[in-house]
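Contents: one structure, followed by commentary.
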Amino acid sequence: MIKLRNQELIILIVTVVIFAGFSIFLDKFFSTGNLLTLMRSVSILGILSIAMAVVVISKGIDLSLIATLAVGTALASVMSSPDVLPSFDLPFVYAVLLGFLFTAILCAITGILVAYWDMASVFVTLAMAGVIYGLGRTLFIGDELNYLPEDAIWLEYLGRGQLLGVPMPIICFLSLAFIMHLVLKKTTFGKFVYSIGDSGLAARTAGVPVRPILVIIFVIAGLVAYFAGLLTAGAISSINTRMVSGSMIYDVLLVVVVGGIGLSGGKGGMHNVILGTLLIGTLLNGMVIMDISFIVQNLIKGIILLIAIMTDTILNPRDEQTTQQGDI
Amino acid sequence: MTEVFQIIDGTKEFHGVKAITNVNFSLLRGEIHSLLGENGAGKSTMTKVAAGVYQLTSGSFIFEGKETTFLNPSEALNNGVVMVFQENSLVPNMTVSQNIYLGAENFFNSLAKLNIKASRFLQSLNFNVDPNLLVSQLGAAQKQMVEIARAVHHNAKVIIFDEPTATLTPEEKHHFFGLMQRLKKEGVSIVFISHALEEALEHSDRITVLRDGELIETDKAKNFNRERIVKAMIGRDLTDSAYATKKTARKKPRKRGRKTLEVENLSMGSMVKNSTFSAYSGQITGVFGLVGSGRTEMMKVVSGVYKRNIFHGGNILLNGKYVRYLVPRTAVNDGIIYVTEDRKSEGFFENFGISQNIQLGKMVAEDKLWNTVSLSEAKTLADHWIERLNIKTKDINSPVVELSGGNQQKVVIAKGLVQKPKVVIFDEPTRGVDVGAIKEIHDFIKSLADEGITVIVVSSYLPEVMSISDRILVARLGQIVEEFEIEDASEEKIIYAAVH
């Protein structure tokens, strides 16, 4: 059973308050159409946050998620498109598998650089974001905007369809969160992830295969991001690689930090991702409806991120008491 | 004599947990006042109030007759209160002289003049430290000298030493106590926190004993003896001394079993140089060495935590087979485990509960990444080890960081032992462990040897090595320089081998 900590309870309350406030004061907010949009966009954000959460729990960070998402998906659509030259014209399923392979390989490289070269994940993933985007665009993807081929109907169903009245992306998000929850909490691998986040040195000394696990973590994160990309493409039947230079990665970080997964590692779980996604998703949607300008939106998001990180530092302190050799 | 500072009815809480409760403490001008107590007794907390690190939750702090509160260490420093911490607060990438004069430099700072000044100053203190060296190049003892020099330089009225002698060699200790007496003659008041009761008895004017955050008694040092202190520290008599140093008190040493571990010419960087030794099953091999002798590093290489030199790195043989571990995991799979001396940074997982910590050890041994985690297994494991090691806790899921030092150590030991090792290396198994738990841990280590496991105990505390080992190796300058059977060993011989 998941027990909510105080922090999580606060997030839940804030979410409910904001949601109620928006519903009352914004007349367009509480409409079926908007709620569907909200949930769809929230789901993509949520899936990306799942990817980020796994990395953050192991005390890392992955800033290349959006590049992975966009380039992997665009690659899949290019490979199956008859119009784009050079024309491979693969069946879409094969193209998706190809994108899968591309993502897995590049993320494994990221992981290897972080784990075996002992580099800080912030810098590696920042650089890899550029590498992934550049590699994809120069080698395969000629245009920014790439449309899905006609045989991608199943993906469009995943992105737009409904099952028993529930939008598919929501189902995808929640089931992925559930699977990841099982992986993190119920398998040896998951425990190793937490142990590395808690204390990498202690994990190594205890005999945890720290480096291979780190590589696996980055591959998992990349593949989850790729899945989010496919869903995005499914929802609007196209993928625009321009989103790489957008501010989405900040939204993802916002979800993870606000949700209560401490940046100090080893803490939190999928319920934090769901909570954070609900709060940030609602907030973003409300700001769009209020027609707040993009610049002001960024300001607000930046401030929230700062406050969240500050709170995180207070709640999960680098406690003087615990870092000292001696006694109290 | 007048009081320099007083703490009256002082209480300090951390998140509702009282670290000290209604403490009345006073420090007289020009006295050496020893503070004794187990870990967690509140010694450091109490002195940190005087040093401005903490502020009292209730009660009053009176400095030179006036009630004040030091809000931060620099305010305390301006009033002449300096605390020399256990772990040092020097800037590693600055030279010794820069560190001594840090914050007190002239506006136009000449490094050459600073060095000359520092050199004179260090000589006047009889400290053998080169002021040109970077602090990161110094050993633990020298770092401490620099810290002390800095405190003296600040014209301190009160110097608080937090476990200053733990890392010093006997000669350095001798110098240190001489310095303490000199400071005392100059009218400096000294608070001396120590684990070594003999040092406190010998060198202080008054002794205060704390237990569980309460001040048990304060009296003149000459009115105390070892038994009275121990009784005050733990609240009961120790019928069986934690360190049975007398040979009559111990059973016959265990016989050597098979030669399980053999190390030939092991080298690693500048810390381990051509070290050769072996260990036998069913026996406790004690490894004694001063700080910086490379004892910990040798054992870390054996257990795969560190890598030996690639060229001329030497050999490690386990049961007659050459092995070379690049990561601890392969060593663990072969049955060698290393129980660390630094449990806070590489021993346990602070967000994990006791049961999870122990279970993690088992998962590593099983070496299957996608096994499912069984909660009932975790509970069984935890119950078993809590009973076997007498870990005191209310809840098997409470985070290990909330336990006392002794119980944390027991969890770390359990986490290793659950892997069913054949060779166990304990590095300082009782560092920062309360007196009561020391005996339990020692008994447990002995029981492992009786079961036929190869046990190595590394320690810089001689009574510990003497009381627990069947065979003693002495490390110096990255080598094992001497080997004693316990019957032939004496404290003098061992110290001599470790120093000369």
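Convention: chains lettered A, B, ... in structure tokens order; per-chain residue numbering from 1; ligands numbered from 1 as shown.
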Checklist entry - What residues in chain B have any atom no more than 7 Å from chain A when counting only C-alpha atoms, and can you write them as a ChimeraX atom specification? => result /B:19,39-40,42,44-45,305,328-329,332,344-351,361,363-364,369-373,432
Residues of region 21-183 of chain A in helix (DSSP H, G or I) according to DSSP, as a tab-separated table (two decimals) with C-alpha atoms, in the first residue's frame?
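Contents of the output file out_22.tsv:
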```
chain	number	residue	atom	x	y	z
A	21	GLY	CA	-10.64	27.29	-9.16
A	22	PHE	CA	-10.14	26.91	-12.90
A	23	SER	CA	-13.48	25.16	-13.25
A	24	ILE	CA	-15.28	28.02	-11.53
A	25	PHE	CA	-13.45	31.03	-12.96
A	32	THR	CA	-15.70	18.00	-22.34
A	33	GLY	CA	-13.52	19.15	-25.21
A	34	ASN	CA	-11.01	20.87	-23.00
A	35	LEU	CA	-10.86	18.11	-20.44
A	36	LEU	CA	-10.11	15.65	-23.24
A	37	THR	CA	-7.31	17.88	-24.53
A	38	LEU	CA	-6.08	18.29	-20.99
A	39	MET	CA	-5.97	14.59	-20.34
A	40	ARG	CA	-4.28	13.82	-23.63
A	41	SER	CA	-1.54	16.38	-23.18
A	42	VAL	CA	-1.21	15.41	-19.56
A	43	SER	CA	-0.69	11.79	-20.55
A	44	ILE	CA	2.23	12.55	-22.84
A	45	LEU	CA	3.77	14.74	-20.16
A	46	GLY	CA	3.16	11.98	-17.65
A	47	ILE	CA	4.81	9.29	-19.75
A	48	LEU	CA	7.85	11.49	-20.25
A	49	SER	CA	7.91	12.10	-16.53
A	50	ILE	CA	7.92	8.35	-15.90
A	51	ALA	CA	11.09	8.20	-17.99
A	52	MET	CA	12.62	11.13	-16.13
A	53	ALA	CA	11.55	9.75	-12.75
A	54	VAL	CA	13.42	6.48	-13.24
A	55	VAL	CA	16.60	8.39	-14.00
A	56	VAL	CA	16.14	10.87	-11.15
A	57	ILE	CA	15.53	8.07	-8.65
A	65	LEU	CA	14.41	12.86	-23.49
A	66	ILE	CA	12.69	15.29	-25.85
A	67	ALA	CA	15.33	14.77	-28.54
A	68	THR	CA	14.90	11.02	-28.17
A	69	LEU	CA	11.14	11.38	-28.41
A	70	ALA	CA	11.13	13.57	-31.49
A	71	VAL	CA	13.95	12.03	-33.46
A	72	GLY	CA	13.00	8.40	-32.79
A	73	THR	CA	9.41	9.01	-33.83
A	74	ALA	CA	10.33	11.15	-36.83
A	75	LEU	CA	12.73	8.44	-37.95
A	76	ALA	CA	9.93	5.88	-37.81
A	77	SER	CA	7.64	8.05	-39.88
A	78	VAL	CA	10.34	8.90	-42.44
A	79	MET	CA	11.31	5.27	-42.88
A	80	SER	CA	7.76	4.29	-43.70
A	92	PHE	CA	5.07	1.22	-40.44
A	93	VAL	CA	5.49	-1.56	-37.86
A	94	TYR	CA	9.02	-2.24	-39.09
A	95	ALA	CA	9.77	1.45	-39.10
A	96	VAL	CA	8.64	1.64	-35.47
A	97	LEU	CA	10.96	-1.21	-34.61
A	98	LEU	CA	13.76	0.57	-36.41
A	99	GLY	CA	13.10	3.70	-34.36
A	100	PHE	CA	13.08	1.51	-31.27
A	101	LEU	CA	16.51	0.16	-32.19
A	102	PHE	CA	17.88	3.62	-32.98
A	103	THR	CA	16.65	4.95	-29.62
A	104	ALA	CA	17.95	1.97	-27.68
A	105	ILE	CA	21.42	2.24	-29.21
A	106	LEU	CA	21.78	5.98	-28.67
A	107	CYS	CA	20.47	5.79	-25.11
A	108	ALA	CA	22.82	2.91	-24.38
A	109	ILE	CA	25.64	5.17	-25.53
A	110	THR	CA	24.40	7.87	-23.14
A	111	GLY	CA	24.25	5.30	-20.36
A	112	ILE	CA	27.72	3.98	-21.11
A	113	LEU	CA	29.15	7.49	-21.07
A	114	VAL	CA	27.51	8.21	-17.74
A	115	ALA	CA	28.28	4.87	-16.13
A	116	TYR	CA	31.66	3.82	-17.50
A	121	SER	CA	24.52	12.84	-16.42
A	122	VAL	CA	23.49	16.50	-16.73
A	123	PHE	CA	26.30	17.24	-19.15
A	124	VAL	CA	26.26	13.93	-20.99
A	125	THR	CA	22.55	14.12	-21.69
A	126	LEU	CA	22.72	17.80	-22.57
A	127	ALA	CA	25.36	16.98	-25.18
A	128	MET	CA	23.61	13.81	-26.28
A	129	ALA	CA	20.41	15.78	-26.91
A	130	GLY	CA	22.34	17.74	-29.51
A	131	VAL	CA	23.97	14.63	-30.91
A	132	ILE	CA	20.73	12.70	-31.20
A	133	TYR	CA	18.91	15.58	-32.84
A	134	GLY	CA	21.79	16.41	-35.17
A	135	LEU	CA	22.41	12.81	-36.15
A	136	GLY	CA	18.76	12.16	-36.86
A	137	ARG	CA	18.28	15.33	-38.86
A	138	THR	CA	21.43	15.08	-40.97
A	139	LEU	CA	21.21	11.38	-41.74
A	153	ILE	CA	-3.96	3.61	-38.04
A	154	TRP	CA	-3.29	1.56	-34.94
A	155	LEU	CA	-1.01	4.30	-33.65
A	156	GLU	CA	-3.64	6.93	-34.35
A	157	TYR	CA	-6.05	4.79	-32.34
A	158	LEU	CA	-3.55	4.79	-29.47
A	159	GLY	CA	-3.11	8.54	-29.73
A	160	ARG	CA	-6.71	9.59	-30.31
A	168	MET	CA	-6.26	5.78	-24.97
A	169	PRO	CA	-3.29	7.98	-23.97
A	170	ILE	CA	-4.63	8.03	-20.41
A	171	ILE	CA	-4.83	4.26	-20.42
A	172	CYS	CA	-1.32	4.07	-21.83
A	173	PHE	CA	0.00	6.48	-19.20
A	174	LEU	CA	-1.63	4.75	-16.28
A	175	SER	CA	-0.72	1.23	-17.39
A	176	LEU	CA	2.87	2.29	-18.06
A	177	ALA	CA	3.01	3.89	-14.62
A	178	PHE	CA	1.65	0.69	-13.14
A	179	ILE	CA	4.20	-1.47	-14.98
A	180	MET	CA	7.02	0.84	-13.94
A	181	HIS	CA	5.74	0.77	-10.38
A	182	LEU	CA	5.96	-3.02	-10.40
A	183	VAL	CA	9.44	-2.91	-11.94
```
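Within 6 Å of region 251-263 of chain A, once only C-alpha atoms are used and residues closer than 2 positions along the same chain are dropped, the contacting residues are Ser49, Met248, Ile249, Gly265, Lys267, Gly268, Asn272, Val273, Leu275, Gly276, Thr277, Leu305 and Ala308 of chain A.
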Next on the checklist: Using DSSP assignments from the backbone, pull out every residue in region 91-317 of chain A that falls under strand (DSSP E) and give it to me as a list of chain:residue names.
Outcome noted: A:Leu145, A:Asn146, A:Tyr147, A:Gln162, A:Leu163, A:Val166, A:Pro167, A:Ser238, A:Ile239, A:Asn240
Checklist entry - Near region 455-461 of chain B, within 8 Å and counting only C-alpha atoms, which residues show up once chain neighbours fewer than 6 positions away are dropped, as a PyMOL selection string? => result chain B and resi 279-291+295-296+423-429+445+448-449+469
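Proximity to region 398-414 of chain B at 7 Å, evaluated using only C-alpha atoms and with sequence-adjacent residues fewer than 6 positions away removed, yields Val339, Gly347, Phe348, Glu350, Asn351, Phe352, Gly353, Ile354, Ile358, Trp385, Leu389, Ile391, Lys392, Gly432, Val433, Asp434 and Ala437 of chain B.
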Item to check | Contacts of region 490-497 of chain B within 12 Å, only C-alpha atoms, excl. fewer than 2 positions in-chain, as a ChimeraX atom specification | outcome: /B:169-171,245-247,286-290,293,460-467,471-477,479-488,499-500
Item to check | All residues 9 Å or closer to Ile216 (chain B), only C-alpha atoms, same chain fewer than 5 positions away omitted, as a VMD selection string | outcome: chain B and resid 208 to 211 232 to 233
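Counting only C-alpha atoms and comparing B:Ala41, B:Ile116, B:Leu375, B:Leu326, the residue that lies closest to Tyr306 (chain B) is B:Leu326.
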